[in-house]
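Engineer: File input.txt below, compact mmCIF, C-alpha atoms:
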```
# COMPACT_ATOMS: atom_id res chain seq x y z
CA MET I 1 -2.19 -72.48 -1.61
CA ALA I 2 -1.78 -68.78 -2.27
CA LEU I 3 -0.24 -66.54 0.29
CA THR I 4 -1.93 -63.18 0.77
CA LEU I 5 -0.38 -60.28 2.57
CA ALA I 6 -2.50 -58.28 4.95
CA PRO I 7 -2.19 -54.50 4.84
CA PRO I 8 -0.12 -53.03 7.66
CA ARG I 9 -2.20 -52.42 10.74
CA PRO I 10 -2.07 -49.07 12.53
CA ARG I 11 -0.76 -49.11 16.02
CA VAL I 12 -3.45 -50.22 18.41
CA ARG I 13 -2.79 -47.44 20.88
CA GLU I 14 -3.31 -44.70 18.23
CA VAL I 15 -6.54 -46.25 17.01
CA LEU I 16 -7.92 -46.72 20.51
CA SER I 17 -6.95 -43.20 21.49
CA SER I 18 -8.71 -41.61 18.51
CA VAL I 19 -11.78 -43.86 18.94
CA TYR I 20 -11.94 -43.03 22.64
CA LEU I 21 -11.70 -39.29 21.99
CA ARG I 22 -14.45 -39.55 19.37
CA MET I 23 -16.65 -41.45 21.84
CA LEU I 24 -16.19 -38.60 24.29
CA ARG I 25 -16.97 -36.13 21.50
CA VAL I 26 -13.59 -34.53 21.89
CA PRO I 27 -12.26 -32.91 18.72
CA ASP I 28 -8.74 -33.33 17.47
CA ALA I 29 -6.22 -30.47 17.28
CA GLU I 30 -7.26 -29.56 13.72
CA ALA I 31 -10.94 -29.28 14.65
CA LEU I 32 -10.12 -27.11 17.67
CA ARG I 33 -8.74 -24.44 15.32
CA ARG I 34 -12.32 -23.77 14.19
CA TRP I 35 -13.70 -23.48 17.72
CA ASP I 36 -13.97 -20.23 19.65
CA ASP I 37 -12.65 -19.73 23.19
CA MET I 38 -16.03 -20.31 24.84
CA GLN I 39 -16.47 -23.70 23.17
CA MET I 40 -13.00 -24.77 24.27
CA THR I 41 -13.67 -23.58 27.82
CA VAL I 42 -16.82 -25.71 27.97
CA LEU I 43 -14.90 -28.69 26.59
CA LEU I 44 -12.20 -28.20 29.20
CA GLU I 45 -14.79 -28.00 32.00
CA ARG I 46 -16.50 -31.19 30.86
CA HIS I 47 -13.30 -33.20 30.46
CA CYS I 48 -10.96 -31.48 32.94
CA LYS I 49 -9.69 -34.77 34.36
CA ARG I 50 -8.56 -36.03 30.96
CA PRO I 51 -4.94 -35.04 30.31
CA ARG I 52 -5.25 -35.37 26.54
CA VAL I 53 -8.15 -32.90 26.39
CA TYR I 54 -6.31 -30.53 28.70
CA GLU I 55 -3.21 -30.81 26.49
CA LEU I 56 -5.20 -30.20 23.28
CA VAL I 57 -7.03 -27.12 24.55
CA LEU I 58 -4.01 -25.51 26.19
CA GLY I 59 -1.95 -26.24 23.08
CA GLU I 60 -4.52 -24.48 20.90
CA TRP I 61 -4.69 -21.48 23.22
CA ASP I 62 -0.89 -21.29 23.18
CA ARG I 63 -0.86 -21.44 19.36
CA ARG I 64 -3.40 -18.60 19.17
CA ALA I 65 -1.46 -16.46 21.64
CA LYS I 66 1.74 -16.90 19.61
CA ALA I 67 -0.10 -16.00 16.40
CA GLU I 68 -1.52 -12.85 18.03
CA ARG I 69 1.96 -11.83 19.25
CA ARG I 70 3.43 -12.32 15.76
CA THR I 71 0.61 -10.24 14.23
CA ALA I 72 1.14 -7.47 16.77
CA GLN I 73 4.90 -7.47 16.09
CA ARG I 74 4.29 -7.27 12.33
CA ARG I 75 1.87 -4.39 12.79
CA GLN I 76 4.33 -2.56 15.02
CA ALA I 77 7.15 -3.02 12.50
CA ASP I 78 4.89 -1.89 9.64
CA LEU I 79 3.84 1.19 11.58
CA ALA I 80 7.47 2.07 12.33
CA PHE I 81 8.37 1.57 8.66
CA LYS I 82 5.54 3.78 7.44
CA SER I 83 6.50 6.41 10.00
CA ALA I 84 10.09 6.40 8.71
CA HIS I 85 8.76 6.72 5.14
CA TYR I 86 6.57 9.65 6.17
CA GLU I 87 9.56 11.40 7.75
CA ALA I 88 11.71 10.85 4.66
CA VAL I 89 8.99 12.15 2.32
CA HIS I 90 8.28 15.13 4.57
CA ALA I 91 11.98 16.01 4.59
CA ALA I 92 12.04 15.79 0.78
CA PHE I 93 8.94 18.01 0.64
CA LEU I 94 10.52 20.66 2.87
CA ALA I 95 13.77 20.61 0.86
CA ALA I 96 11.90 20.88 -2.46
CA GLU I 97 9.73 23.66 -1.11
CA ALA I 98 12.81 25.62 -0.07
CA GLU I 99 14.53 25.05 -3.40
CA CYS I 100 11.44 25.98 -5.46
CA ASN I 101 10.75 29.05 -3.29
CA GLY I 102 7.36 27.64 -2.27
CA VAL I 103 6.14 27.27 -5.87
CA LEU I 104 5.20 23.59 -6.01
CA LEU I 105 1.92 23.73 -7.95
CA ASN I 106 1.20 24.77 -11.52
CA LYS I 107 -1.89 26.79 -12.49
CA ALA I 108 -4.02 23.66 -12.90
CA GLY I 109 -3.04 22.46 -9.41
CA ILE I 110 -3.89 25.81 -7.85
CA ALA I 111 -7.24 25.92 -9.69
CA ALA I 112 -8.06 22.36 -8.59
CA GLY I 113 -7.21 23.19 -4.96
CA VAL I 114 -4.54 20.49 -4.72
CA GLU I 115 -2.60 20.27 -1.47
CA PRO I 116 1.16 20.56 -2.27
CA THR I 117 2.08 17.72 0.10
CA SER I 118 -0.18 15.35 -1.84
CA LEU I 119 2.22 15.62 -4.78
CA PHE I 120 4.76 13.69 -2.71
CA TYR I 121 2.35 11.00 -1.44
CA GLY I 122 -0.13 10.56 -4.26
CA PRO I 123 0.16 8.75 -7.59
CA GLN I 124 2.98 9.68 -9.98
CA SER I 125 0.60 10.69 -12.77
CA ARG I 126 -1.27 13.12 -10.51
CA ALA I 127 1.98 14.56 -9.19
CA MET I 128 3.29 15.22 -12.70
CA LYS I 129 -0.04 16.72 -13.75
CA TYR I 130 -0.13 19.34 -10.96
CA ALA I 131 3.56 19.91 -10.16
CA SER I 132 5.22 23.17 -11.14
CA GLU I 133 8.01 23.15 -13.70
CA GLU I 134 10.59 23.84 -10.96
CA LEU I 135 9.39 20.88 -8.90
CA ARG I 136 9.41 18.56 -11.90
CA ASN I 137 12.99 19.61 -12.60
CA CYS I 138 13.94 18.81 -8.99
CA TRP I 139 12.46 15.34 -9.39
CA THR I 140 13.94 14.55 -12.80
CA GLU I 141 17.39 15.86 -11.90
CA GLY I 142 17.36 13.70 -8.77
CA ARG I 143 17.89 16.44 -6.23
CA HIS I 144 14.70 15.64 -4.32
CA ALA I 145 13.27 12.41 -5.68
CA ARG I 146 9.66 11.38 -5.13
CA LEU I 147 10.07 8.49 -2.76
CA THR I 148 7.19 6.03 -3.05
CA LEU I 149 6.58 3.49 -0.31
CA ALA I 150 7.70 0.66 -2.62
CA GLU I 151 10.91 2.49 -3.50
CA PHE I 152 11.56 3.26 0.17
CA ARG I 153 11.03 -0.43 1.01
CA ARG I 154 13.45 -1.49 -1.75
CA GLN I 155 16.09 0.99 -0.59
CA SER I 156 15.75 -0.06 3.04
CA ARG I 157 16.23 -3.72 2.06
CA GLU I 158 19.43 -2.70 0.28
CA GLY I 159 20.44 -0.80 3.40
CA ARG I 160 20.41 2.68 1.93
CA PRO I 161 17.18 4.60 2.54
CA GLU I 162 17.67 8.11 1.21
```
Could you quickly redo this structure as structure tokens?
Structural biologist:
Amino acid sequence: MALTLAPPRPRVREVLSSVYLRMLRVPDAEALRRWDDMQMTVLLERHCKRPRVYELVLGEWDRRAKAERRTAQRRQADLAFKSAHYEAVHAAFLAAEAECNGVLLNKAGIAAGVEPTSLFYGPQSRAMKYASEELRNCWTEGRHARLTLAEFRRQSREGRPE
């Protein structure tokens, strides 16, 4: 007589709970992530006396509120960072303008109608194309470096934004 082993059975309470929720047409926590607030409100109204439904819906609303708070905090930090970068670049622009006696554009830049501040915010290739010789010397000699957002981010991570 051969002995066969039965596969392990899931706990009865878990199976009954999931079957019962499916009979009531109540989604699980993963399915609730795809629902909008109105659908969850209707679900809560239909099954308000069921603690599991109440727990699922309130848990999902709490998860969404936390995610919204984290997103808002990230946006606020990003805005503050970009503002600090703008101030640093504007200070570099003013210093370079004073050192170059206001001559920041070459003839091609003047003819193209380039705004001098755009040399500090725009792409490196464009800045070098339209910058005056004096301004290029300021940048290459390191007196007033062009501070890109990526460079500013790297310097701030190292703790030394210039």
Engineer: Can you tell me which residues surround Tyr121 (chain I) at a distance of at most 12 Å, considering only C-alpha atoms, apart from same-chain residues fewer than 5 positions away, and format the answer as a PyMOL selection string?
Structural biologist: chain I and resi 82+85-90+92-93+115-116+126-127+145-150
Engineer: Restricting the calculation to all atoms listed in the file, which member of I:Glu151, I:Cys100, I:Leu56, I:Tyr130 is positioned closest to Ala112 (chain I)?
Structural biologist: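 Selected residue with least distance to Ala112 (chain I): I:Tyr130.
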Engineer: Neighbours of region 64-69 of chain I within 12 Å (only C-alpha atoms; same-chain residues fewer than 3 positions away dropped), as a PyMOL selection string?
Structural biologist: chain I and resi 32-37+57-61+72-76
Engineer: So, counting all atoms listed in the file, which residue among I:Thr41, I:Ala96, I:Arg46, I:Pro51 is closest to Gly142 (chain I)?
Structural biologist: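 The closest residue to Gly142 (chain I) is I:Ala96.
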Engineer: Counting only C-alpha atoms, figure out which residue out of I:Glu30, I:Glu158, I:Glu55, I:Glu134 gets nearest to Gly102 (chain I).
Structural biologist: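 Closest candidate: I:Glu134.
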Engineer: What's around Tyr54 (chain I) at 10 Å? Count all atoms listed in the file, leave out sequence neighbours fewer than 6 positions away in its own chain, and write the answer as a list of chain:residue names.
Structural biologist: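 In the requested format, the answer is I:Met40, I:Leu43, I:Leu44, I:Glu45, I:His47, I:Cys48.
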Engineer: Here is a test: counting all atoms listed in the file, which residue of I:Met38, I:Arg154, I:Leu104, I:Arg50 is nearest to Thr117 (chain I)?
Structural biologist: I:Leu104
Engineer: May I ask for the distance between CA of Gly159 (chain I) and CA of Ala98 (chain I), given in Å to one decimal place?
Structural biologist: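 Distance between the two atoms: 27.7 Å.
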